[in-house]
Amino acid sequence: MSDEVRTLVIDGRDVAGASGQSILSVAEESGVFIPALCHLAGLSEVGSCRLCMVEVEGTARLVASCVTAVEEGMKVTTTSERLLAYRRRAIELLFMERNHVCSVCVADNHCELQELAKTLGVTHFELPPLHPACDVDATHERFVLDHNRCILCARCVRVCDEIEGAHTWDIRGRGTGARLISDLGKPWGESTTCTSCGKCVQVCPTGALYEKGRSVAEGKRHRPYVPFLVATNALGTGRQL
Ligand code: SF4
Ligand code: FES
């Protein structure tokens, strides 16, 4: 990334970023909140959750701020009725696609999906739930993958590949049939690539990945540590969490 400075306006405020930097990253640095689920500082961007959409003056369509680079003179709006309606619908679709029952979920009260739903004022759902039949993979000696709670954000895929270097996880299939898989479809407990480091569990925004034998209250994650892991990885240190 070049260090050339780009000046732009976000929500009426003059801000600056580096060329190639995303709108979301500049907004974060400037203290502007943009909802996001697949984004996690320290990991590459995939632009899959569509919660970070913003309005850019002169562009009719909404753009995903995590995968759109800042440009000189850009005028960005992060909050509007249109954006709120879009984000609420995006949250609703995530809830409807799987079986998210917060009251019996291991991530209750420390789930980013639940938190964003509250922040965005999602009080009810209008769409019919799909109620898909989803497996729970409890074959790993320390961790569990519950597909009922997975929102396919691919944070686990990226942290495992980009930071741990194991590449245990992938997403197979498309649309509502897409599923997170370990070792190209083996049960997690039979994986020969998994190092049991637990990084995927720490970055999962929901209760889809969790540690066995921990109470709901003990299940709080340490997500902001990814940039630290990037730094320690570069130094060749740190592995087991
Ligand atoms: Fe995202 Fe968690 Fe599903 Fe991985 S298991 S894709 S981190 S929701
Ligand atoms: Fe941008 Fe998910 S954070 S699409």
# chains A, B, ... in the order shown; residues from 1 in each chain; ligands from 1
>>> residues_near_ligand(ligand="ligand 2", cutoff="8 Å", atoms="only C-alpha atoms and all ligand atoms", output="JSON, numbers by chain")
{"A": [24, 35, 36, 37, 38, 39, 40, 45, 46, 47, 48, 49, 50, 51, 52, 53, 64, 65, 66, 67, 153]}
>>> write_last_selection(atoms="C-alpha atoms", output="compact mmCIF listing (two decimals), in the first residue's frame")
# COMPACT_ATOMS: atom_id res chain seq x y z
CA LEU A 24 -14.13 1.16 6.90
CA PRO A 35 -21.49 -2.04 11.55
CA ALA A 36 -19.43 -5.01 10.36
CA LEU A 37 -19.37 -8.76 10.92
CA CYS A 38 -17.03 -10.44 8.45
CA HIS A 39 -14.40 -7.71 8.95
CA LEU A 40 -11.88 -8.16 11.74
CA GLU A 45 -11.33 -8.59 3.78
CA VAL A 46 -13.93 -10.78 2.06
CA GLY A 47 -16.92 -8.38 1.91
CA SER A 48 -19.45 -11.12 2.58
CA CYS A 49 -21.76 -9.89 5.37
CA ARG A 50 -22.84 -6.64 3.62
CA LEU A 51 -23.44 -4.86 6.92
CA CYS A 52 -20.77 -2.26 6.29
CA MET A 53 -22.55 -0.76 3.28
CA ALA A 64 -19.22 -2.23 0.97
CA SER A 65 -16.89 0.00 2.97
CA CYS A 66 -14.53 -2.85 3.95
CA VAL A 67 -13.55 -3.58 0.35
CA CYS A 153 -18.24 -14.86 7.84
>>> closest_atom_pairs(of="chain A", to="ligand 1", cutoff="8 Å", atoms="only C-alpha atoms and all ligand atoms", output="CSV")
residue,atom,partner,partner_atom_place_in_ligand_line,distance
A:Cys38,CA,ligand 1,1 (Fe),7.3
A:Leu145,CA,ligand 1,5 (S),6.6
A:Asp146,CA,ligand 1,5 (S),7.5
A:His147,CA,ligand 1,3 (Fe),7.2
A:Arg149,CA,ligand 1,8 (S),6.6
A:Cys150,CA,ligand 1,3 (Fe),3.7
A:Ile151,CA,ligand 1,8 (S),4.4
A:Leu152,CA,ligand 1,6 (S),3.7
A:Cys153,CA,ligand 1,1 (Fe),3.9
A:Ala154,CA,ligand 1,6 (S),3.9
A:Arg155,CA,ligand 1,7 (S),4.5
A:Cys156,CA,ligand 1,7 (S),4.2
A:Val157,CA,ligand 1,4 (Fe),6.4
A:Ile171,CA,ligand 1,6 (S),7.8
A:Leu180,CA,ligand 1,6 (S),6.3
A:Cys200,CA,ligand 1,7 (S),6.3
A:Val201,CA,ligand 1,7 (S),7.2
A:Val203,CA,ligand 1,7 (S),6.0
A:Cys204,CA,ligand 1,7 (S),3.5
A:Pro205,CA,ligand 1,8 (S),5.8
A:Thr206,CA,ligand 1,8 (S),5.6
A:Gly207,CA,ligand 1,2 (Fe),7.0
A:Ala208,CA,ligand 1,5 (S),4.8
A:Leu209,CA,ligand 1,5 (S),5.3
>>> residues_around(residues="A:Ser215", least_positions_apart="3", cutoff="12 Å", atoms="only C-alpha atoms", output="PyMOL selection string")
chain A and resi 104-108+210-212+218-220
>>> residues_around(residues="A:His167", least_positions_apart="6", cutoff="12 Å", atoms="only C-alpha atoms", output="number ranges by chain")
A: 154-161, 181-184, 191-195, 199-200
>>> write_last_selection(atoms="all heavy atoms", output="CSV table (one decimal), in the first residue's frame")
chain,number,residue,atom,x,y,z
A,154,ALA,N,-16.4,-16.4,7.5
A,154,ALA,CA,-15.0,-16.8,7.1
A,154,ALA,C,-13.9,-16.2,8.0
A,154,ALA,O,-12.8,-16.3,7.6
A,154,ALA,CB,-14.8,-16.6,5.6
A,155,ARG,N,-14.2,-15.7,9.1
A,155,ARG,CA,-13.1,-15.2,10.0
A,155,ARG,C,-12.2,-16.4,10.4
A,155,ARG,O,-11.0,-16.3,10.4
A,155,ARG,CB,-13.7,-14.6,11.3
A,155,ARG,CG,-14.2,-13.2,11.1
A,155,ARG,CD,-14.6,-12.7,12.5
A,155,ARG,NE,-15.3,-11.4,12.5
A,155,ARG,CZ,-15.7,-10.8,13.6
A,155,ARG,NH1,-15.4,-11.3,14.8
A,155,ARG,NH2,-16.3,-9.7,13.5
A,156,CYS,N,-12.9,-17.5,10.7
A,156,CYS,CA,-12.1,-18.7,11.1
A,156,CYS,C,-11.2,-19.2,10.0
A,156,CYS,O,-10.1,-19.6,10.2
A,156,CYS,CB,-13.1,-19.8,11.6
A,156,CYS,SG,-14.3,-20.3,10.4
A,157,VAL,N,-11.8,-19.2,8.8
A,157,VAL,CA,-11.0,-19.6,7.6
A,157,VAL,C,-9.8,-18.8,7.5
A,157,VAL,O,-8.6,-19.3,7.3
A,157,VAL,CB,-11.9,-19.5,6.4
A,157,VAL,CG1,-11.1,-19.9,5.1
A,157,VAL,CG2,-13.1,-20.4,6.5
A,158,ARG,N,-9.9,-17.4,7.6
A,158,ARG,CA,-8.8,-16.5,7.4
A,158,ARG,C,-7.8,-16.5,8.5
A,158,ARG,O,-6.6,-16.5,8.3
A,158,ARG,CB,-9.4,-15.1,7.2
A,158,ARG,CG,-10.1,-14.9,5.8
A,158,ARG,CD,-10.8,-13.6,5.7
A,158,ARG,NE,-12.0,-13.6,6.4
A,158,ARG,CZ,-12.6,-12.5,6.9
A,158,ARG,NH1,-12.0,-11.4,6.8
A,158,ARG,NH2,-13.8,-12.6,7.5
A,159,VAL,N,-8.3,-16.6,9.8
A,159,VAL,CA,-7.3,-16.6,10.8
A,159,VAL,C,-6.4,-17.8,10.8
A,159,VAL,O,-5.2,-17.8,11.0
A,159,VAL,CB,-8.0,-16.4,12.2
A,159,VAL,CG1,-8.5,-17.6,12.8
A,159,VAL,CG2,-7.0,-15.8,13.2
A,160,CYS,N,-7.1,-19.0,10.5
A,160,CYS,CA,-6.4,-20.2,10.4
A,160,CYS,C,-5.4,-20.3,9.3
A,160,CYS,O,-4.3,-20.8,9.4
A,160,CYS,CB,-7.4,-21.4,10.2
A,160,CYS,SG,-6.7,-23.0,10.3
A,161,ASP,N,-5.8,-19.7,8.1
A,161,ASP,CA,-4.9,-19.6,7.0
A,161,ASP,C,-3.8,-18.5,7.1
A,161,ASP,O,-2.6,-18.8,6.9
A,161,ASP,CB,-5.7,-19.4,5.7
A,161,ASP,CG,-4.9,-19.4,4.5
A,161,ASP,OD1,-4.0,-20.2,4.3
A,161,ASP,OD2,-5.2,-18.5,3.6
A,181,ILE,N,-16.2,-26.3,6.4
A,181,ILE,CA,-15.7,-27.7,6.5
A,181,ILE,C,-14.2,-27.7,7.0
A,181,ILE,O,-13.5,-26.7,6.7
A,181,ILE,CB,-15.7,-28.4,5.1
A,181,ILE,CG1,-15.1,-27.6,4.0
A,181,ILE,CG2,-17.2,-28.7,4.8
A,181,ILE,CD1,-14.8,-28.4,2.7
A,182,SER,N,-13.8,-28.7,7.6
A,182,SER,CA,-12.4,-28.9,8.0
A,182,SER,C,-11.8,-30.0,7.2
A,182,SER,O,-12.4,-31.0,6.9
A,182,SER,CB,-12.3,-29.2,9.5
A,182,SER,OG,-13.2,-30.3,9.9
A,183,ASP,N,-10.6,-29.8,6.8
A,183,ASP,CA,-9.8,-30.7,6.0
A,183,ASP,C,-10.6,-31.3,4.9
A,183,ASP,O,-10.7,-32.5,4.7
A,183,ASP,CB,-9.3,-31.9,6.9
A,183,ASP,CG,-8.0,-31.5,7.6
A,183,ASP,OD1,-7.7,-30.3,7.7
A,183,ASP,OD2,-7.3,-32.4,8.1
A,184,LEU,N,-11.2,-30.4,4.1
A,184,LEU,CA,-12.0,-30.8,2.9
A,184,LEU,C,-13.1,-31.7,3.2
A,184,LEU,O,-13.5,-32.5,2.3
A,184,LEU,CB,-11.0,-31.3,1.8
A,184,LEU,CG,-9.9,-30.4,1.4
A,184,LEU,CD1,-9.0,-31.0,0.4
A,184,LEU,CD2,-10.5,-29.1,0.8
A,191,SER,N,-9.0,-34.1,11.8
A,191,SER,CA,-8.2,-33.2,11.0
A,191,SER,C,-6.7,-33.5,11.3
A,191,SER,O,-6.3,-33.6,12.5
A,191,SER,CB,-8.5,-31.8,11.3
A,191,SER,OG,-7.5,-30.9,10.8
A,192,THR,N,-5.9,-33.5,10.3
A,192,THR,CA,-4.5,-33.7,10.4
A,192,THR,C,-3.8,-32.3,10.3
A,192,THR,O,-2.6,-32.2,10.5
A,192,THR,CB,-3.9,-34.6,9.4
A,192,THR,OG1,-4.3,-34.2,8.1
A,192,THR,CG2,-4.3,-36.0,9.6
A,193,THR,N,-4.5,-31.3,9.9
A,193,THR,CA,-3.9,-29.9,9.8
A,193,THR,C,-4.2,-29.0,11.0
A,193,THR,O,-3.4,-28.1,11.3
A,193,THR,CB,-4.5,-29.2,8.6
A,193,THR,OG1,-5.9,-29.0,8.7
A,193,THR,CG2,-4.2,-29.9,7.3
A,194,CYS,N,-5.3,-29.3,11.8
A,194,CYS,CA,-5.6,-28.5,12.9
A,194,CYS,C,-4.6,-28.6,14.0
A,194,CYS,O,-4.2,-29.7,14.4
A,194,CYS,CB,-7.0,-28.9,13.5
A,194,CYS,SG,-7.5,-28.0,15.0
A,195,THR,N,-4.1,-27.4,14.5
A,195,THR,CA,-3.1,-27.4,15.5
A,195,THR,C,-3.7,-27.3,16.9
A,195,THR,O,-2.9,-27.1,17.9
A,195,THR,CB,-2.1,-26.3,15.3
A,195,THR,OG1,-2.8,-25.0,15.4
A,195,THR,CG2,-1.4,-26.4,13.9
A,199,LYS,N,-7.5,-20.3,17.7
A,199,LYS,CA,-7.6,-18.9,17.1
A,199,LYS,C,-9.0,-18.8,16.5
A,199,LYS,O,-9.7,-17.8,16.6
A,199,LYS,CB,-6.5,-18.6,16.1
A,199,LYS,CG,-5.2,-18.5,16.8
A,199,LYS,CD,-4.1,-18.1,15.7
A,199,LYS,CE,-2.7,-17.9,16.3
A,199,LYS,NZ,-2.1,-19.1,16.9
A,200,CYS,N,-9.5,-19.8,15.8
A,200,CYS,CA,-10.8,-19.8,15.1
A,200,CYS,C,-11.9,-19.5,16.1
A,200,CYS,O,-12.8,-18.8,15.9
A,200,CYS,CB,-11.0,-21.0,14.3
A,200,CYS,SG,-10.9,-22.6,15.3
>>> select_by_dssp(residues="stretch 1-239 of chain A", states="strand (DSSP E)", output="PyMOL selection string")
chain A and resi 5-10+13-18+53-56+63-64+75-77+136-137+143-146+169-172+179-182+209-211
>>> closest_residue(among="A:Val5, A:Glu92, A:Gly42, A:Pro129", to="A:Phe228", atoms="only C-alpha atoms")
A:Gly42
>>> residues_around(residues="A:Val230", least_positions_apart="5", cutoff="9 Å", atoms="only C-alpha atoms", output="list in words")
Gly42, Leu43, Glu162, Ile163, Tyr225 and Leu235 of chain A
>>> residues_around(residues="A:His140", least_positions_apart="4", cutoff="8 Å", atoms="only C-alpha atoms", output="compact mmCIF listing (two decimals) with N, CA and C atoms, in the first residue's frame")
# COMPACT_ATOMS: atom_id res chain seq x y z
N VAL A 144 -15.93 -27.28 19.67
CA VAL A 144 -17.16 -27.72 18.98
C VAL A 144 -17.48 -26.76 17.85
N PRO A 187 -14.41 -34.90 9.67
CA PRO A 187 -14.80 -34.37 10.98
C PRO A 187 -13.61 -33.64 11.61
N TRP A 188 -13.89 -32.59 12.36
CA TRP A 188 -12.83 -31.76 12.93
C TRP A 188 -11.84 -32.60 13.76
N GLY A 189 -12.37 -33.55 14.50
CA GLY A 189 -11.52 -34.38 15.36
C GLY A 189 -10.54 -35.24 14.58
N GLU A 190 -10.80 -35.45 13.29
CA GLU A 190 -9.91 -36.28 12.46
C GLU A 190 -8.96 -35.42 11.62
>>> atom_distance(atom1="atom CA of A:Thr123", atom2="atom CA of A:Arg98")
17.8 Å
>>> closest_atom_pairs(of="stretch 9-30 of chain A", to="stretch 79-89 of chain A", cutoff="12 Å", atoms="only C-alpha atoms", output="Markdown table")
| residue | atom | partner | partner_atom | distance |
| --- | --- | --- | --- | --- |
| A:Ile10 | CA | A:Thr79 | CA | 10.1 |
| A:Asp11 | CA | A:Thr79 | CA | 7.8 |
| A:Gly12 | CA | A:Thr79 | CA | 11.2 |
>>> atom_distance(atom1="atom CA of A:Phe95", atom2="atom CA of A:Phe125")
8.7 Å
>>> select_by_dssp(residues="stretch 16-214 of chain A", states="helix (DSSP H, G or I)", output="VMD selection string")
chain A and resid 23 to 29 81 to 97 102 to 104 112 to 119 147 to 149 155 to 164 175 to 177 183 to 185 188 to 190 199 to 203
>>> closest_residue(among="A:Cys102, A:Met96, A:Ala18, A:Cys111", to="A:Pro132", atoms="only C-alpha atoms")
A:Met96
>>> atom_distance(atom1="atom CA of A:Ala27", atom2="atom CA of A:Lys75")
12.2 Å
>>> decode(residues="stretch 183-203 of chain A", atoms="C-alpha atoms", output="short mmCIF file (atom, residue, chain, number, x, y, z; two decimals), in the first residue's frame")
data_model
loop_
_atom_site.label_atom_id
_atom_site.label_comp_id
_atom_site.auth_asym_id
_atom_site.auth_seq_id
_atom_site.Cartn_x
_atom_site.Cartn_y
_atom_site.Cartn_z
CA ASP A 183 -9.78 -30.73 6.04
CA LEU A 184 -11.97 -30.76 2.91
CA GLY A 185 -14.85 -32.49 4.67
CA LYS A 186 -13.35 -34.63 7.47
CA PRO A 187 -14.80 -34.37 10.98
CA TRP A 188 -12.83 -31.76 12.93
CA GLY A 189 -11.52 -34.38 15.36
CA GLU A 190 -9.91 -36.28 12.46
CA SER A 191 -8.19 -33.22 11.01
CA THR A 192 -4.48 -33.65 10.43
CA THR A 193 -3.92 -29.93 9.81
CA CYS A 194 -5.62 -28.48 12.93
CA THR A 195 -3.06 -27.43 15.54
CA SER A 196 -5.73 -26.99 18.26
CA CYS A 197 -4.52 -23.40 18.70
CA GLY A 198 -8.05 -22.08 19.24
CA LYS A 199 -7.64 -18.94 17.14
CA CYS A 200 -10.77 -19.77 15.10
CA VAL A 201 -12.79 -20.03 18.32
CA GLN A 202 -11.53 -16.65 19.50
CA VAL A 203 -12.47 -14.78 16.31
#
